[in-house]
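One structure below.
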Amino acid sequence: MKVLIPGISGLLARNVAGRLLAQGHEVIGIDPRGWPGAPEAIDLYPIDIRKRDAEEVFRQRRPDAVIHMATISALLADAEERYRINLGGTRAVFEHSANHGVRQIVFIGRHTYYGAGPDAPLYHTESEPPQELGTYPELADLVAADLYAANALWRLPALQTAVLRICYTLGPSGHGTLASFLKGRFVPMVLGFDPLFHFMHEDDAAEAIVTALSAKARGIYNVAGPQPLPLSVIASETGRRALPLPETVLAMLVGHAGLPRLSRGALAHVKYPIVVDATSFRKETGFAHRFDELGTARSFADAFPARGRASPVPPL
Amino acid sequence: MPDEIAARVDRLELPFDARGVDEYGISKWHLTIAFRALAFLYRRYFHVRAQGLEHVPPRGRAMLVGNHSGGIALDAAMVIASCFLELDPPRLAQGMAEKFINRIPFASTWTARCGHLTGLPEHALRLLESERLLLVFPEGARGTAKLWKDRFSLVDFGTGFMRLALRTKSPIVPFAFLGGGDAIPTVGNLYKLGKLIGVPYLPVTPWLLPLPRPARLSVLYGEPMRVEGSGDEEDATVAGYVDRVKARIADLMEQGRR
């Protein structure tokens, strides 16, 4: 199968690309960031998915399937740029796919879609609407991209569409929202709150994406591996020290004094859990995780001990 | 005593991982501390008398359904303690916490770590489908607000628990809790002051604060009741089933007073 991956330079996307190559698929990548040292077998186009050149890649290369991984989280860009990348980019990917013979598309979304709040159910199922957007407006563009991707299910019935809402990933690459949060020696917590965090090993997450493709999954799916853990337990399992602070103090200190950056809205995600029920995905695709929650936490801690970073990002 | 509690926590038939945490975030560490405190209150302070424990299924889904007694959640705490301290193997009864608790620092964490999730239908359904023991007070917050003079009465029951029992085919174990009104004799409730500090109301006792005195408490469990249906029945039908459970609980309360 010829698979196009917009956003291929991200570490999870590289992991997915390596697995696809190993399975004998042809892999094409689009990403303006480039990928120095990428495997030769991958045809890489260092362009922006929203530009005309990107459509030319679809037109000329005629991929069979697309794995859309070119969305970014709230910490990486300002609101306007994020909106352009996340919603504009997603729209471009679906339009080009529909116009140029793509048969299957996998949209990589996030479990934070559901939002975190005191009245939310602990386990979210795919039928639930996003909540708490009012308290975390930085999530709006990702939620909009997810909903736009999901409406391809009825708008573009010929396109086999899977929307994956993947929980946090963690592992030796040190990449991702949770890894960034755990990088330092101290893990900030809101005093009196200790939410469950749902995370899976990055290798399992990459395997889940490849599985969604090979199982020709169609629909909206939560993707998770082992059970969630309280943030305090994650902190101790990764050799960090939990640092509980009153919410107002924490809001002032994040991003300073060695604490990780955190948007103000994201504080709700440190107070209340976002956990997903991934039963449907497992049932539909047969996916099973290899790493349990403690092994996953340790794999991150081994690569990133609390005092300084021990090892560089491992090559694929 | 402490070793006995830790041993009982170890014997709970819940799927804890190597760190002693289950899929709902229930933590053995938190349970051990909480049950040490509850065991003292249960055995030494209130001298709780529990009868009919053989009616609580040793494993598998079930709903403990009973009356509220006392201005704060003393009833829930002692019912949970009775299932943990007196059943063999011990069982963890999981209550449905009032929504406001999840907004309060520490209370939010401790209720969650001890298995008492926010009172949402989704949680109740999921716990029963996970073969857990669910603790339900169909009188809701109006039940805990009962005044001392009304301590042997029942206020209106909600019907949500019955639809849940029908849908999940869970047996209902009715129970009566007695003595809470004597431990915390509520003479009035301060609703406005409660709202100010983020709780539904503040009960007032003759000694002002809702601190319980060491009154004798008792809990009586009745035979499990099974209702057949889909959970999609008309309101009137469900209300009929609810009345049967309510009447059974009233019987048990009478029995307990004798």
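Following the order of the structure tokens, first chain is A, next is B, and so on, with residues numbered from 1 inside each chain and ligands from 1 in the order they appear.
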
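All chain B residues having an atom within 8 Å of chain A, based on only C-alpha atoms, amount to Val21, Asp22, Glu23, Tyr24, Gly25, Lys99, Asn102, Arg103, Ile104, Pro105, Phe106, Ala107, Ser108, Thr109, Thr118, Leu120, Glu122 and His123 of chain B.
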
For this session: Run DSSP on the backbone and give me the residues of stretch 58-162 of chain A it puts in helix (DSSP H, G or I), as a PyMOL selection string.
Result: chain A and resi 58-61+79-99+111-114+137-155

How would the residues just chosen look if you wrote them out with N, CA and C atoms as a compact mmCIF listing (two decimals), in the first residue's frame?
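Final file, result-v6.txt:
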```txt
# COMPACT_ATOMS: atom_id res chain seq x y z
N PHE A 58 -0.34 14.79 -3.82
CA PHE A 58 -1.51 13.88 -3.89
C PHE A 58 -1.79 13.52 -5.36
N ARG A 59 -1.73 14.57 -6.22
CA ARG A 59 -2.09 14.38 -7.63
C ARG A 59 -1.13 13.43 -8.31
N GLN A 60 0.16 13.64 -8.07
CA GLN A 60 1.17 12.85 -8.78
C GLN A 60 1.38 11.47 -8.16
N ARG A 61 1.41 11.42 -6.85
CA ARG A 61 1.79 10.15 -6.20
C ARG A 61 0.60 9.23 -5.96
N ALA A 79 -2.34 31.16 18.91
CA ALA A 79 -3.69 30.70 18.60
C ALA A 79 -3.99 30.72 17.10
N GLU A 80 -3.61 31.83 16.45
CA GLU A 80 -3.96 31.97 15.04
C GLU A 80 -3.26 30.92 14.18
N GLU A 81 -1.96 30.72 14.44
CA GLU A 81 -1.17 29.76 13.67
C GLU A 81 -1.68 28.33 13.93
N ARG A 82 -2.00 28.07 15.19
CA ARG A 82 -2.50 26.75 15.55
C ARG A 82 -3.81 26.46 14.82
N TYR A 83 -4.67 27.44 14.78
CA TYR A 83 -5.95 27.28 14.10
C TYR A 83 -5.74 26.98 12.62
N ARG A 84 -4.77 27.73 12.03
CA ARG A 84 -4.49 27.52 10.60
C ARG A 84 -3.96 26.11 10.34
N ILE A 85 -3.03 25.68 11.20
CA ILE A 85 -2.43 24.36 11.00
C ILE A 85 -3.44 23.25 11.28
N ASN A 86 -4.11 23.36 12.39
CA ASN A 86 -4.95 22.24 12.82
C ASN A 86 -6.23 22.13 11.99
N LEU A 87 -6.93 23.22 11.81
CA LEU A 87 -8.18 23.11 11.08
C LEU A 87 -7.96 23.26 9.58
N GLY A 88 -7.16 24.28 9.19
CA GLY A 88 -6.88 24.48 7.76
C GLY A 88 -6.16 23.28 7.17
N GLY A 89 -5.21 22.76 7.89
CA GLY A 89 -4.43 21.62 7.41
C GLY A 89 -5.30 20.38 7.28
N THR A 90 -6.14 20.15 8.27
CA THR A 90 -7.02 18.97 8.23
C THR A 90 -7.99 19.06 7.05
N ARG A 91 -8.49 20.27 6.85
CA ARG A 91 -9.41 20.45 5.72
C ARG A 91 -8.71 20.13 4.40
N ALA A 92 -7.48 20.64 4.26
CA ALA A 92 -6.72 20.39 3.03
C ALA A 92 -6.49 18.89 2.83
N VAL A 93 -6.12 18.20 3.88
CA VAL A 93 -5.84 16.76 3.77
C VAL A 93 -7.08 16.01 3.28
N PHE A 94 -8.24 16.33 3.86
CA PHE A 94 -9.46 15.62 3.45
C PHE A 94 -9.88 15.98 2.04
N GLU A 95 -9.74 17.27 1.68
CA GLU A 95 -10.14 17.67 0.33
C GLU A 95 -9.25 17.02 -0.71
N HIS A 96 -7.93 17.05 -0.48
CA HIS A 96 -7.01 16.44 -1.45
C HIS A 96 -7.24 14.93 -1.52
N SER A 97 -7.50 14.34 -0.39
CA SER A 97 -7.74 12.89 -0.38
C SER A 97 -8.97 12.55 -1.20
N ALA A 98 -10.04 13.33 -1.01
CA ALA A 98 -11.28 13.05 -1.73
C ALA A 98 -11.10 13.27 -3.24
N ASN A 99 -10.27 14.26 -3.59
CA ASN A 99 -10.13 14.61 -5.01
C ASN A 99 -9.12 13.76 -5.76
N HIS A 111 -7.08 12.45 23.03
CA HIS A 111 -8.16 12.16 24.00
C HIS A 111 -8.55 13.40 24.80
N THR A 112 -7.71 14.44 24.73
CA THR A 112 -8.05 15.68 25.44
C THR A 112 -9.25 16.37 24.80
N TYR A 113 -9.66 15.86 23.63
CA TYR A 113 -10.89 16.31 22.97
C TYR A 113 -12.04 16.42 23.98
N TYR A 114 -12.13 15.46 24.91
CA TYR A 114 -13.28 15.40 25.82
C TYR A 114 -13.25 16.48 26.89
N PRO A 137 -10.00 27.21 26.15
CA PRO A 137 -10.26 27.58 24.75
C PRO A 137 -9.12 27.17 23.80
N GLU A 138 -7.92 26.94 24.37
CA GLU A 138 -6.79 26.55 23.51
C GLU A 138 -7.02 25.21 22.82
N LEU A 139 -8.02 24.47 23.30
CA LEU A 139 -8.28 23.16 22.69
C LEU A 139 -9.24 23.26 21.50
N ALA A 140 -9.85 24.44 21.33
CA ALA A 140 -10.96 24.56 20.38
C ALA A 140 -10.58 24.14 18.96
N ASP A 141 -9.37 24.51 18.52
CA ASP A 141 -9.01 24.19 17.13
C ASP A 141 -8.80 22.69 16.93
N LEU A 142 -8.29 22.00 17.96
CA LEU A 142 -8.12 20.55 17.86
C LEU A 142 -9.48 19.85 17.88
N VAL A 143 -10.38 20.38 18.70
CA VAL A 143 -11.73 19.81 18.74
C VAL A 143 -12.40 20.02 17.38
N ALA A 144 -12.23 21.22 16.82
CA ALA A 144 -12.84 21.52 15.52
C ALA A 144 -12.26 20.59 14.44
N ALA A 145 -10.94 20.36 14.50
CA ALA A 145 -10.31 19.47 13.51
C ALA A 145 -10.86 18.05 13.65
N ASP A 146 -11.02 17.60 14.88
CA ASP A 146 -11.56 16.26 15.14
C ASP A 146 -12.97 16.14 14.57
N LEU A 147 -13.81 17.16 14.85
CA LEU A 147 -15.20 17.11 14.37
C LEU A 147 -15.25 17.19 12.85
N TYR A 148 -14.35 18.00 12.27
CA TYR A 148 -14.31 18.10 10.80
C TYR A 148 -13.92 16.75 10.20
N ALA A 149 -12.91 16.12 10.79
CA ALA A 149 -12.48 14.80 10.29
C ALA A 149 -13.62 13.80 10.42
N ALA A 150 -14.33 13.86 11.56
CA ALA A 150 -15.40 12.89 11.80
C ALA A 150 -16.55 13.06 10.82
N ASN A 151 -16.79 14.30 10.37
CA ASN A 151 -17.93 14.45 9.46
C ASN A 151 -17.65 13.89 8.07
N ALA A 152 -16.39 13.54 7.79
CA ALA A 152 -16.08 12.85 6.53
C ALA A 152 -16.77 11.47 6.48
N LEU A 153 -17.12 10.96 7.66
CA LEU A 153 -17.77 9.65 7.71
C LEU A 153 -19.10 9.65 6.94
N TRP A 154 -19.81 10.77 6.97
CA TRP A 154 -21.05 10.82 6.19
C TRP A 154 -20.91 11.69 4.93
N ARG A 155 -19.96 12.68 4.99
CA ARG A 155 -19.81 13.59 3.85
C ARG A 155 -19.07 12.92 2.70
```

Determine, using only C-alpha atoms, which residues of stretch 131-201 of chain B have any atom at most 12 Å from an atom of stretch 48-51 of chain B, and tabulate each with its shortest atom pair and distance in Å to one decimal place, rows ordered by chain and then rising number, as a tab-separated table.
```
residue	atom	partner	partner_atom	distance
B:Phe175	CA	B:Gln51	CA	9.6
B:Ala176	CA	B:Gln51	CA	10.0
B:Phe177	CA	B:Ala50	CA	9.4
B:Leu178	CA	B:Val48	CA	9.7
B:Gly179	CA	B:Val48	CA	9.4
B:Gly180	CA	B:Val48	CA	10.8
B:Ala183	CA	B:Val48	CA	11.8
```

Seminar exercise, completed: The distance between atom CA of A:Lys283 and atom CA of A:Gly115 is 24.7 Å

Exercise. If we count only C-alpha atoms, what is near A:Asp31 at a cut-off of 7 Å, once residues fewer than 6 positions away on the same chain are taken out, given as a VMD selection string?
Worked result: chain A and resid 6 to 9 45 to 48

Restricting the output to C-alpha atoms, write the selected residues as a tab-separated table (two decimals), in the first residue's frame.
```tsv
chain	number	residue	atom	x	y	z
A	6	PRO	CA	1.40	14.57	6.59
A	7	GLY	CA	3.32	15.59	9.72
A	8	ILE	CA	5.86	12.78	9.28
A	9	SER	CA	8.65	14.62	11.14
A	45	TYR	CA	8.37	16.52	0.69
A	46	PRO	CA	9.41	19.39	2.98
A	47	ILE	CA	6.34	21.46	2.26
A	48	ASP	CA	3.33	22.86	4.08
```

What are the nearest atom pairs, with distances in Å to one decimal, for all residues of stretch 118-191 of chain B that come at most 12 Å from stretch 223-228 of chain B, using only C-alpha atoms, set out by chain and rising residue number as CSV?
```
residue,atom,partner,partner_atom,distance
B:Phe161,CA,B:Val227,CA,11.9
B:Met162,CA,B:Val227,CA,8.6
B:Arg163,CA,B:Val227,CA,9.9
B:Leu164,CA,B:Val227,CA,10.8
B:Ala165,CA,B:Val227,CA,7.6
B:Leu166,CA,B:Glu228,CA,6.2
B:Arg167,CA,B:Glu228,CA,9.0
B:Thr168,CA,B:Glu228,CA,10.1
B:Lys169,CA,B:Glu228,CA,7.3
B:Ser170,CA,B:Arg226,CA,7.3
B:Pro171,CA,B:Arg226,CA,5.0
B:Ile172,CA,B:Met225,CA,5.1
B:Val173,CA,B:Pro224,CA,4.4
B:Pro174,CA,B:Pro224,CA,6.8
B:Phe175,CA,B:Glu223,CA,9.0
B:Ala176,CA,B:Glu223,CA,11.9
```

Output of the above residues as a short mmCIF file (atom, residue, chain, number, x, y, z; two decimals), in the first residue's frame, restricted to C-alpha atoms:
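Result went into part_7.cif, see below:
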```
data_model
loop_
_atom_site.label_atom_id
_atom_site.label_comp_id
_atom_site.auth_asym_id
_atom_site.auth_seq_id
_atom_site.Cartn_x
_atom_site.Cartn_y
_atom_site.Cartn_z
CA PHE B 161 -31.39 3.28 40.56
CA MET B 162 -34.23 0.98 39.54
CA ARG B 163 -33.74 1.56 35.82
CA LEU B 164 -30.08 0.80 36.38
CA ALA B 165 -30.87 -2.42 38.25
CA LEU B 166 -33.21 -3.49 35.45
CA ARG B 167 -30.76 -2.64 32.71
CA THR B 168 -27.79 -4.36 34.32
CA LYS B 169 -29.82 -7.20 35.86
CA SER B 170 -28.30 -6.43 39.26
CA PRO B 171 -29.81 -7.74 42.48
CA ILE B 172 -30.90 -5.05 44.95
CA VAL B 173 -29.92 -5.67 48.57
CA PRO B 174 -32.18 -3.41 50.66
CA PHE B 175 -30.86 -2.16 53.96
CA ALA B 176 -31.98 0.00 56.85
#
```

Exercise. Which polymer residues have any atom within 8 Å of an atom of B:Ala76, counting only C-alpha atoms, with same-chain residues fewer than 4 positions away left out, as a PyMOL selection string?
Worked result: chain B and resi 80+95+135

Atoms kept (N, CA and C atoms) for selection, written as a PDB file, in the first residue's frame:
```pdb
ATOM      1  N   ILE B  80     -20.224   0.993  54.299  1.00  0.00           N
ATOM      2  CA  ILE B  80     -18.993   0.593  53.587  1.00  0.00           C
ATOM      3  C   ILE B  80     -18.078  -0.174  54.556  1.00  0.00           C
ATOM      4  N   GLY B  95     -19.669   3.984  46.824  1.00  0.00           N
ATOM      5  CA  GLY B  95     -20.757   4.956  46.872  1.00  0.00           C
ATOM      6  C   GLY B  95     -20.689   5.900  45.686  1.00  0.00           C
ATOM      7  N   LEU B 135     -23.231   1.247  46.214  1.00  0.00           N
ATOM      8  CA  LEU B 135     -24.019   1.725  47.354  1.00  0.00           C
ATOM      9  C   LEU B 135     -24.863   2.915  46.906  1.00  0.00           C
TER      10      LEU B 135
END
```

A:Ile42 surroundings by only C-alpha atoms, 9 Å radius, close-in-sequence under 5 positions cut, as a short mmCIF file (atom, residue, chain, number, x, y, z; two decimals) with N, CA and C atoms, in the first residue's frame:
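out.cif, freshly written:
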```cif
data_model
loop_
_atom_site.label_atom_id
_atom_site.label_comp_id
_atom_site.auth_asym_id
_atom_site.auth_seq_id
_atom_site.Cartn_x
_atom_site.Cartn_y
_atom_site.Cartn_z
N ALA A 17 5.99 5.48 10.54
CA ALA A 17 6.59 5.31 9.20
C ALA A 17 7.53 4.10 9.19
N LEU A 21 7.15 0.81 6.77
CA LEU A 21 8.24 0.35 5.89
C LEU A 21 8.56 -1.12 6.17
N GLU A 26 4.84 1.33 0.95
CA GLU A 26 5.56 2.47 0.41
C GLU A 26 5.14 3.69 1.22
N VAL A 27 6.12 4.47 1.70
CA VAL A 27 5.79 5.60 2.58
C VAL A 27 6.23 6.93 1.95
N ILE A 28 5.30 7.88 1.95
CA ILE A 28 5.58 9.24 1.46
C ILE A 28 5.29 10.18 2.63
N GLY A 29 6.14 11.18 2.81
CA GLY A 29 5.93 12.10 3.92
C GLY A 29 5.85 13.55 3.47
#
```

If you count only C-alpha atoms, which residues fall within 7 Å of stretch 114-117 of chain B, apart from same-chain ones fewer than 6 positions away, as an mmCIF file with N, CA and C atoms, in the first residue's frame?
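Written file, part.cif:
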```cif
data_model
loop_
_atom_site.group_PDB
_atom_site.id
_atom_site.type_symbol
_atom_site.label_atom_id
_atom_site.label_comp_id
_atom_site.auth_asym_id
_atom_site.auth_seq_id
_atom_site.Cartn_x
_atom_site.Cartn_y
_atom_site.Cartn_z
ATOM 1 N N ILE B 26 -8.705 3.430 42.306
ATOM 2 C CA ILE B 26 -8.805 3.015 43.712
ATOM 3 C C ILE B 26 -7.417 2.575 44.156
ATOM 4 N N SER B 27 -6.996 3.053 45.324
ATOM 5 C CA SER B 27 -5.611 2.825 45.752
ATOM 6 C C SER B 27 -5.581 2.079 47.084
ATOM 7 N N HIS B 30 -4.519 4.341 50.025
ATOM 8 C CA HIS B 30 -5.583 5.206 50.551
ATOM 9 C C HIS B 30 -6.633 4.389 51.299
ATOM 10 N N LEU B 31 -6.985 3.218 50.750
ATOM 11 C CA LEU B 31 -7.992 2.378 51.404
ATOM 12 C C LEU B 31 -7.535 1.963 52.798
ATOM 13 N N GLN B 94 -18.974 0.661 46.788
ATOM 14 C CA GLN B 94 -18.589 1.940 46.179
ATOM 15 C C GLN B 94 -19.798 2.863 46.118
ATOM 16 N N GLY B 95 -19.669 3.984 46.824
ATOM 17 C CA GLY B 95 -20.757 4.956 46.872
ATOM 18 C C GLY B 95 -20.689 5.900 45.686
ATOM 19 N N MET B 96 -21.747 6.661 45.528
ATOM 20 C CA MET B 96 -21.782 7.685 44.494
ATOM 21 C C MET B 96 -21.663 9.032 45.197
ATOM 22 N N ALA B 97 -20.524 9.704 45.008
ATOM 23 C CA ALA B 97 -20.258 10.939 45.753
ATOM 24 C C ALA B 97 -21.072 12.100 45.193
ATOM 25 N N HIS B 123 -21.186 6.369 35.712
ATOM 26 C CA HIS B 123 -20.321 5.683 36.675
ATOM 27 C C HIS B 123 -21.019 4.466 37.264
#
```

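You will find atom CA of A:Glu207 at 24.4 Å from atom CA of A:Lys183.
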
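Distances here use only C-alpha atoms; by that measure, the residue among A:Val187, A:Leu11, A:Leu182, A:Ala212 closest to A:Gly34 is A:Leu11.
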
Please list as a PDB file with C-alpha atoms, in the first residue's frame every residue within 8 Å of A:Ala206, counting only C-alpha atoms and excluding residues in the same chain fewer than 4 positions away.
```
ATOM      1  CA  LEU A  12       5.372   9.359  16.777  1.00  0.00           C
ATOM      2  CA  ALA A  13       4.888   9.737  13.017  1.00  0.00           C
ATOM      3  CA  ASN A  15       7.758   5.555  14.549  1.00  0.00           C
ATOM      4  CA  VAL A  16       4.644   4.827  12.450  1.00  0.00           C
ATOM      5  CA  ARG A  19       6.630   0.193  11.072  1.00  0.00           C
ATOM      6  CA  GLU A 202       4.745   5.386  22.226  1.00  0.00           C
ATOM      7  CA  VAL A 210      -0.705   0.964  11.939  1.00  0.00           C
TER       8      VAL A 210
END
```

Problem set entry | DSSP strand (DSSP E) selection over stretch 74-153 of chain A, as a list in words | Gln104, Ile105, Val106, Phe107, Ile108, Gly109, Arg110, Tyr123 and His124 of chain A
